[in-house]
Protein chains: 2
Amino acid sequence: MKAYQIETILSSNRKQKPVTEQLEFGTIFTDHMFIMDYSVERGWHDPRIIPYQPISLDPAAMVFHYGQTVFEGLKAYLSKDGEVFLFRPDRNFSRMNQSNARLCIPPIDEELAVEALKQLVKIDQDWIPKAEGTSLYIRPFIISTAPHLGVAPSESYQFIIILSPVGSYYKEGIHPVKISVEQNYVRAVAGGTGEAKTGGNYANGLKAQEEAAKLGYSQVLWLDGRENKYIEEVGSMNVFFKINGEIVTPALNGSILQGITRDSIIQLLKHWNIPVIERRISVEEIYQSYREGLLEEAFGTGTAAVISPIGEFLWKGEKLVVNSGEVGQLTRELYDTLTGIQNGTKEDPFGWRVQLR
Amino acid sequence: MKAYQIETILSSNRKQKPVTEQLEFGTIFTDHMFIMDYSVERGWHDPRIIPYQPISLDPAAMVFHYGQTVFEGLKAYLSKDGEVFLFRPDRNFSRMNQSNARLCIPPIDEELAVEALKQLVKIDQDWIPKAEGTSLYIRPFIISTAPHLGVAPSESYQFIIILSPVGSYYKEGIHPVKISVEQNYVRAVAGGTGEAKTGGNYANGLKAQEEAAKLGYSQVLWLDGRENKYIEEVGSMNVFFKINGEIVTPALNGSILQGITRDSIIQLLKHWNIPVIERRISVEEIYQSYREGLLEEAFGTGTAAVISPIGEFLWKGEKLVVNSGEVGQLTRELYDTLTGIQNGTKEDPFGWRVQLR
Ligand SMILES: Cc1ncc(COP(=O)(O)O)c(C=O)c1O
Ligand SMILES: Cc1ncc(COP(=O)(O)O)c(C=O)c1O
């Protein structure tokens, strides 16, 4: 293991910590942040932990104009015994480098990033909420900072990590959401940036989400951009179905984000000897299996909610109710097991948990 | 005409103006900028002209994460007689509001925006370079500023205008560029954000541009995202072809940006009684017309270059040379006429020029 030199300047002005019960998602930030600069001459340099503070940029900075950004999202958990766990942090930084390659952003040193993250979380570990289901949300991101209006890769960047204590996603226990199948808007297409975690994908999705919300649906089910036929993701989660006893999820095709929760669920199912098939799934197929009474469970997977059971799909005006709108048995088992591995109450046969020391 | 209250704070520290011959595109900015804030409670408020200065934002500001941004681009020209002209500025702000609608950004007051732009350019009018072909590039843009990590429209925004003196796009006179037909990457797809001027579209395009540059091509010809068959745009310009005496350009289909130069060229051609047809054009059709010797001219249109003649297309390894790699006669006439209307040396039968007083 290399030793990384990360300079640390501690805040002399600590903020008041929030009341756990009032925590929302991503609105409160801790006392410190990690930051590192990139220039063509020096590469990535000056990794440092500093007091949480505003970023000051030239109005011509490329991030304001051409969207050359990437980000990641993961969580730190506090166990009952006071241990701090990260969940597969190496995967986030390797995915960040995949996103970087697509967006023409110079790659980061993944080991340094994990090390920086550990040091930062350690410094702010008193911010990790204790109650069941709560955690510290971690947001690494890279922005293009060169003050230049030409459409070309930026010549300078900042890599930043900020931390936000978040409440339980399910305040009244895990419960199913209602999803509208999106027929007009498209999140991503083959040859686009769907597989990268970059801002434009999310800006693009806002309009569909807004229109679904008006109809009382919390997210949309995204179909592919070429034929508007095949299922890709749900909101900003990957999606799984249990049909007639078989678990299926859309195969990674270049326009679907390679979710780390998705990968973990697949490994967990295999570990349980439950077959899971990654393949192309049309919305028509889901409809048919629903009509035949074979659509048993459906759920989304992602860092924020971990597992989000789906209780209803709206498609072409018809409501497809899944499992009488209740949380399915497998869905619940997966949720309990994965969150248990994450927060240290369950065994971790995969070595996914990384303890902070 | 409403009277708009725009507060002005002049800079007490004027920068040195650049040497015209050394001007590049979008690297130098003037002494002042326009800025206006949005909040849910107050709507758009506090329009003001202030000294050009950095923007300070919370690291959690949405623009850094979810790409909720729009921008515009237009130019101010200085005539031989010292008059200052804008070119169809109302069109840019109405297009900005179209982009805003797609990106869930609250609409701006278009009249106020034009008025603010006029006042700003007037204050910095000494920055407009005088030499032929030079101009003052104007960049209005909106960024989402709320420090909140949830994927939802921002609750606060800033609308900003900055100005940059730019040199002649063609330092040695107008000349044709070489274009590679893009086969792997996709700029935009029906249902996406292609028709909006938003950062993500440009971040998406960087990779294709980088790969084309490696092969010695300056831009790519984008094909549609559904079938990878139909021509959409060239780099960040719209595209026209002259085939067997007939002018054709891709019809606006939702994934093509509605270029103001494109619209001006179409009006100009109609004014000259030259038929111009907006329709779907496959790259195969262009190839066939090339093989039959009927592909006479091709050019891109956009604010930066105005008209950019195309001398060669690379498609499936084959080089399609257009008009022996020379600037076509119609291309040149359109360039001369449109730039003449813009800089005041030619008559403006359309009322496109807006003089600053
Ligand atoms: C578009 C999209 N799909 C899927 C996911 C799930 O990925 P992960 O399980 O790594 O959080 C995310 C992010 O959380 C996402 O933004
Ligand atoms: C993607 C894209 N297409 C076309 C154009 C041309 O539009 P306009 O003629 O309004 O400059 C632009 C912008 O300049 C653009 O960014």
# chains A, B, ... in the order shown; residues from 1 in each chain; ligands from 1
>>> interface_residues(of="chain A", to="chain B", cutoff="8 Å", atoms="only C-alpha atoms", output="ChimeraX atom specification")
/A:25-27,53-60,63-71,102-104,141,143,147-153,162,184-193,198-204,206-207,225-227
>>> residues_near_ligand(ligand="ligand 1", cutoff="7 Å", atoms="only C-alpha atoms and all ligand atoms", output="list in words")
Gly73, Leu74, Lys197, Glu233, Gly235, Ser236, Met237, Asn238, Ile256, Leu257, Gln258, Gly259, Ile260, Thr261, Arg262, Thr301, Gly302, Thr303 and Ala304 of chain A
>>> write_last_selection(atoms="N, CA and C atoms", output="PDB file, in the first residue's frame")
ATOM      1  N   GLY A  73     -21.970   8.055  -5.746  1.00  0.00           N
ATOM      2  CA  GLY A  73     -22.758   8.100  -4.523  1.00  0.00           C
ATOM      3  C   GLY A  73     -22.583   6.796  -3.771  1.00  0.00           C
ATOM      4  N   LEU A  74     -22.211   6.882  -2.513  1.00  0.00           N
ATOM      5  CA  LEU A  74     -22.110   5.683  -1.666  1.00  0.00           C
ATOM      6  C   LEU A  74     -22.399   6.109  -0.230  1.00  0.00           C
ATOM      7  N   LYS A 197     -22.036   8.161 -15.049  1.00  0.00           N
ATOM      8  CA  LYS A 197     -22.763   8.905 -14.025  1.00  0.00           C
ATOM      9  C   LYS A 197     -22.404  10.377 -14.217  1.00  0.00           C
ATOM     10  N   GLU A 233     -34.171   1.164 -16.833  1.00  0.00           N
ATOM     11  CA  GLU A 233     -33.992   1.434 -15.404  1.00  0.00           C
ATOM     12  C   GLU A 233     -35.308   1.990 -14.855  1.00  0.00           C
ATOM     13  N   GLY A 235     -36.426   5.230 -12.530  1.00  0.00           N
ATOM     14  CA  GLY A 235     -35.928   6.446 -11.902  1.00  0.00           C
ATOM     15  C   GLY A 235     -34.425   6.466 -12.005  1.00  0.00           C
ATOM     16  N   SER A 236     -33.702   6.613 -10.890  1.00  0.00           N
ATOM     17  CA  SER A 236     -32.258   6.389 -10.960  1.00  0.00           C
ATOM     18  C   SER A 236     -31.880   5.150 -10.156  1.00  0.00           C
ATOM     19  N   MET A 237     -32.541   4.058 -10.522  1.00  0.00           N
ATOM     20  CA  MET A 237     -32.226   2.742  -9.955  1.00  0.00           C
ATOM     21  C   MET A 237     -32.230   1.715 -11.084  1.00  0.00           C
ATOM     22  N   ASN A 238     -31.547   0.609 -10.845  1.00  0.00           N
ATOM     23  CA  ASN A 238     -31.691  -0.551 -11.725  1.00  0.00           C
ATOM     24  C   ASN A 238     -32.963  -1.286 -11.318  1.00  0.00           C
ATOM     25  N   ILE A 256     -27.361   1.545 -19.806  1.00  0.00           N
ATOM     26  CA  ILE A 256     -27.817   1.330 -18.433  1.00  0.00           C
ATOM     27  C   ILE A 256     -26.649   1.559 -17.477  1.00  0.00           C
ATOM     28  N   LEU A 257     -26.891   2.259 -16.365  1.00  0.00           N
ATOM     29  CA  LEU A 257     -25.820   2.437 -15.387  1.00  0.00           C
ATOM     30  C   LEU A 257     -25.518   1.107 -14.696  1.00  0.00           C
ATOM     31  N   GLN A 258     -24.230   0.837 -14.540  1.00  0.00           N
ATOM     32  CA  GLN A 258     -23.816  -0.420 -13.910  1.00  0.00           C
ATOM     33  C   GLN A 258     -23.889  -0.268 -12.399  1.00  0.00           C
ATOM     34  N   GLY A 259     -25.073  -0.464 -11.860  1.00  0.00           N
ATOM     35  CA  GLY A 259     -25.303  -0.236 -10.440  1.00  0.00           C
ATOM     36  C   GLY A 259     -24.512  -1.197  -9.569  1.00  0.00           C
ATOM     37  N   ILE A 260     -23.986  -0.683  -8.484  1.00  0.00           N
ATOM     38  CA  ILE A 260     -23.230  -1.510  -7.539  1.00  0.00           C
ATOM     39  C   ILE A 260     -24.205  -2.313  -6.678  1.00  0.00           C
ATOM     40  N   THR A 261     -25.361  -1.743  -6.379  1.00  0.00           N
ATOM     41  CA  THR A 261     -26.397  -2.501  -5.668  1.00  0.00           C
ATOM     42  C   THR A 261     -26.893  -3.635  -6.568  1.00  0.00           C
ATOM     43  N   ARG A 262     -27.102  -3.335  -7.853  1.00  0.00           N
ATOM     44  CA  ARG A 262     -27.506  -4.363  -8.825  1.00  0.00           C
ATOM     45  C   ARG A 262     -26.523  -5.535  -8.800  1.00  0.00           C
ATOM     46  N   THR A 301     -33.115  -1.052  -7.486  1.00  0.00           N
ATOM     47  CA  THR A 301     -31.942  -1.140  -6.613  1.00  0.00           C
ATOM     48  C   THR A 301     -31.037   0.073  -6.815  1.00  0.00           C
ATOM     49  N   GLY A 302     -30.571   0.657  -5.724  1.00  0.00           N
ATOM     50  CA  GLY A 302     -29.670   1.802  -5.801  1.00  0.00           C
ATOM     51  C   GLY A 302     -29.187   2.169  -4.413  1.00  0.00           C
ATOM     52  N   THR A 303     -28.129   2.930  -4.343  1.00  0.00           N
ATOM     53  CA  THR A 303     -27.512   3.272  -3.065  1.00  0.00           C
ATOM     54  C   THR A 303     -28.472   3.980  -2.106  1.00  0.00           C
ATOM     55  N   ALA A 304     -29.296   4.895  -2.621  1.00  0.00           N
ATOM     56  CA  ALA A 304     -30.132   5.714  -1.735  1.00  0.00           C
ATOM     57  C   ALA A 304     -31.147   4.854  -0.977  1.00  0.00           C
TER      58      ALA A 304
END
>>> closest_residue(among="B:Ser154, B:Ser12, B:Thr134, B:Asn92", to="ligand 2", atoms="only C-alpha atoms and all ligand atoms")
B:Asn92
>>> residues_around(residues="A:Ser324", least_positions_apart="6", cutoff="12 Å", atoms="only C-alpha atoms", output="list in words")
Pro176, Tyr290, Gly293, Leu295, Glu296, Glu297, Ala298, Pro309, Ile310, Gly311, Glu312 and Phe313 of chain A
>>> select_by_dssp(residues="stretch 104-348 of chain A", states="alpha helix (DSSP H)", output="ChimeraX atom specification")
/A:110-123,199-214,260-271,283-291,329-343
>>> residues_around(residues="A:Gly317", least_positions_apart="2", cutoff="12 Å", atoms="only C-alpha atoms", output="VMD selection string")
chain A and resid 180 to 183 215 313 to 315 319 to 320
>>> write_last_selection(atoms="C-alpha atoms", output="compact mmCIF listing (two decimals), in the first residue's frame")
# COMPACT_ATOMS: atom_id res chain seq x y z
CA SER A 180 -45.25 5.12 -14.55
CA VAL A 181 -43.86 3.56 -17.74
CA GLU A 182 -42.38 6.46 -19.72
CA GLN A 183 -43.64 6.65 -23.31
CA LEU A 215 -50.22 11.67 -12.13
CA PHE A 313 -46.88 0.08 -12.95
CA LEU A 314 -48.95 2.47 -15.06
CA TRP A 315 -48.74 1.47 -18.73
CA LYS A 319 -52.59 -0.13 -13.73
CA LEU A 320 -50.58 -3.30 -13.26
>>> residues_around(residues="A:Ser156", least_positions_apart="6", cutoff="8 Å", atoms="only C-alpha atoms", output="PyMOL selection string")
chain A and resi 37-40+144-146
